[in-house]
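Novice: This is the structure, below, for whatever I ask next.
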Amino acid sequence: MSGDRPPKTAIERMIPLLLGVESNLDQDASLESLARDFGQSTFAFHRSFSAAVGETPRKHVERLRLERAALKLAITDDSVLEIAMAVGFNTHETFSRAFLRRFGRAPRAYRQAAKVAQKERLERNRTFRGEDCVLSDVRFEALPRTYLISIRRLGAYADLDAETREALWRELIDRAGRNGVLKSPVRMGFFPDDPGMTPPAMQRADLCIPVERPIESTDRVRCFRFAGGMHGVIEHVGAYSTAGQAYRNLADGIRASDRYIFRDAPPLQIFRQVHLGGDRSANHSEICFAVKRRSGAREGQETSRTAP
């Protein structure tokens, strides 16, 4: 019934459009096309989007494109032109100017600095196993394909506390149960943004659970297929405020691998044990980065899962 939940907020009404934009950064994202997709005039859409999201449509699209480009420069060997085209810029020159304005460095200089910093951190932290937390070794395994239902949450990762996450997961579990598709109550989350780069209010989190089969998406709950495939995995036990160490160690472990390189996909965190009260330092999760085999790399000792 419509009275089950309060009326949708302005940002909730925008989320389906935002999801479409970020999934198709190489496509037309002009004010006119976005306004048409949202069913408003360009003037009304510009005003409502800016008020709901906190930045204009143009600034939002350009920020997403440049942040994706920065990630690709840091983790791939794709050419600058290939990256520019992949994120929706028509020319190398237009991309380079926009990138320089945003990050203060040209794309090639940014890539070089990122590689140097990565190499230095890898040497410095080769035996690091966590400060105020416990980190496992990095391993590589294939995660299975599965359907997921998710709720998008916008806001600072630092403010996404255990109670908020649990409330969103509980809403998804209840919805899956009502639709007869609950596969497992395992809690999952995709966290695509770098907190050091993306403004706190714009940081995206997709809280998810697996389901047996697809259900119809709504403005609030999206259903999609997780492609699975090879991932680098690290386990983290400790307070979630220390989880950033796991993300960094996992990234370093993948860079040190002679068999795998990154795939362009958002990091996945699987929450195995969640302590809402008591000893929160005992929280247990797995952080997973999508990877692919290096060209010509030898076969390894990878494992496969049958469930997330």
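Labels for the structure tokens follow display order: chains A, B, ..., residues from 1 in each chain, ligands from 1.
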Within 9 Å of range 257-276 of chain A, which residues of range 156-235 of chain A show up? Give each one with its shortest atom-to-atom distance in Å (one decimal) and the two atoms involved, counting only C-alpha atoms, rows by chain then rising residue number, as a Markdown table.
Specialist:
| residue | atom | partner | partner_atom | distance |
| --- | --- | --- | --- | --- |
| A:Ala162 | CA | A:Leu276 | CA | 6.1 |
| A:Glu163 | CA | A:Leu276 | CA | 6.6 |
| A:Glu166 | CA | A:Leu276 | CA | 8.5 |
| A:Val186 | CA | A:Arg272 | CA | 7.1 |
| A:Arg187 | CA | A:Phe271 | CA | 5.3 |
| A:Met188 | CA | A:Ile270 | CA | 4.5 |
| A:Gly189 | CA | A:Gln269 | CA | 5.2 |
| A:Phe190 | CA | A:Leu268 | CA | 4.6 |
| A:Phe191 | CA | A:Pro267 | CA | 5.7 |
| A:Pro192 | CA | A:Pro266 | CA | 4.6 |
| A:Asp193 | CA | A:Pro266 | CA | 8.1 |
| A:His231 | CA | A:Phe262 | CA | 8.7 |
| A:Gly232 | CA | A:Tyr260 | CA | 8.6 |
Novice: Set the distance at 6 Å and use only C-alpha atoms: which residues neighbour range 235-249 of chain A once local chain neighbours fewer than 6 positions away are removed? I'd like the list as a PDB file with C-alpha atoms, in the first residue's frame.
Specialist:
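Below is the file around.pdb, written as the result:
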ATOM      1  CA  CYS A 133      42.349  -5.454  12.541  1.00  0.00           C
ATOM      2  CA  VAL A 134      43.328  -8.800  11.008  1.00  0.00           C
ATOM      3  CA  LEU A 135      43.867  -9.234   7.269  1.00  0.00           C
ATOM      4  CA  SER A 136      44.247 -12.521   5.402  1.00  0.00           C
ATOM      5  CA  ARG A 280      32.273  -4.696  16.825  1.00  0.00           C
ATOM      6  CA  SER A 281      35.950  -5.445  16.340  1.00  0.00           C
ATOM      7  CA  ALA A 282      34.838  -9.022  15.582  1.00  0.00           C
ATOM      8  CA  ASN A 283      33.033  -8.002  12.372  1.00  0.00           C
ATOM      9  CA  HIS A 284      34.110 -10.322   9.539  1.00  0.00           C
ATOM     10  CA  SER A 285      33.872  -9.478   5.866  1.00  0.00           C
ATOM     11  CA  GLU A 286      35.444 -10.313   2.518  1.00  0.00           C
TER      12      GLU A 286
END
Novice: Check the smallest atom-to-atom distance from each of A:Ser33, A:Thr56, A:Ser79, A:Ser217 to Ser150 in chain A using only C-alpha atoms, then report the winner.
Specialist: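 Nearest to Ser150 in chain A: A:Ser217.
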Novice: Kindly indicate which residue among A:Glu216, A:Glu82, A:Asp159, A:Asp28 lies nearest to Ala176 in chain A, using only C-alpha atoms for the distances.
Specialist: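 Smallest distance to Ala176 in chain A is found for A:Glu216.
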Novice: Residues near range 202-215 of chain A, anyone? I mean within 10 Å using only C-alpha atoms, not counting same-chain ones fewer than 6 positions away, as an MDAnalysis selection string.
Specialist: chainID A and resid 53:55 60 145:158 160 165:166 168:170 172:173 176:177 179:195 221:226 268:270 307:308
Novice: Work out how far CA of Gly229 in chain A is from CA of Ala290 in chain A, in Å to one decimal.
Specialist: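 Between CA of Ala290 in chain A and CA of Gly229 in chain A the gap is 7.4 Å.
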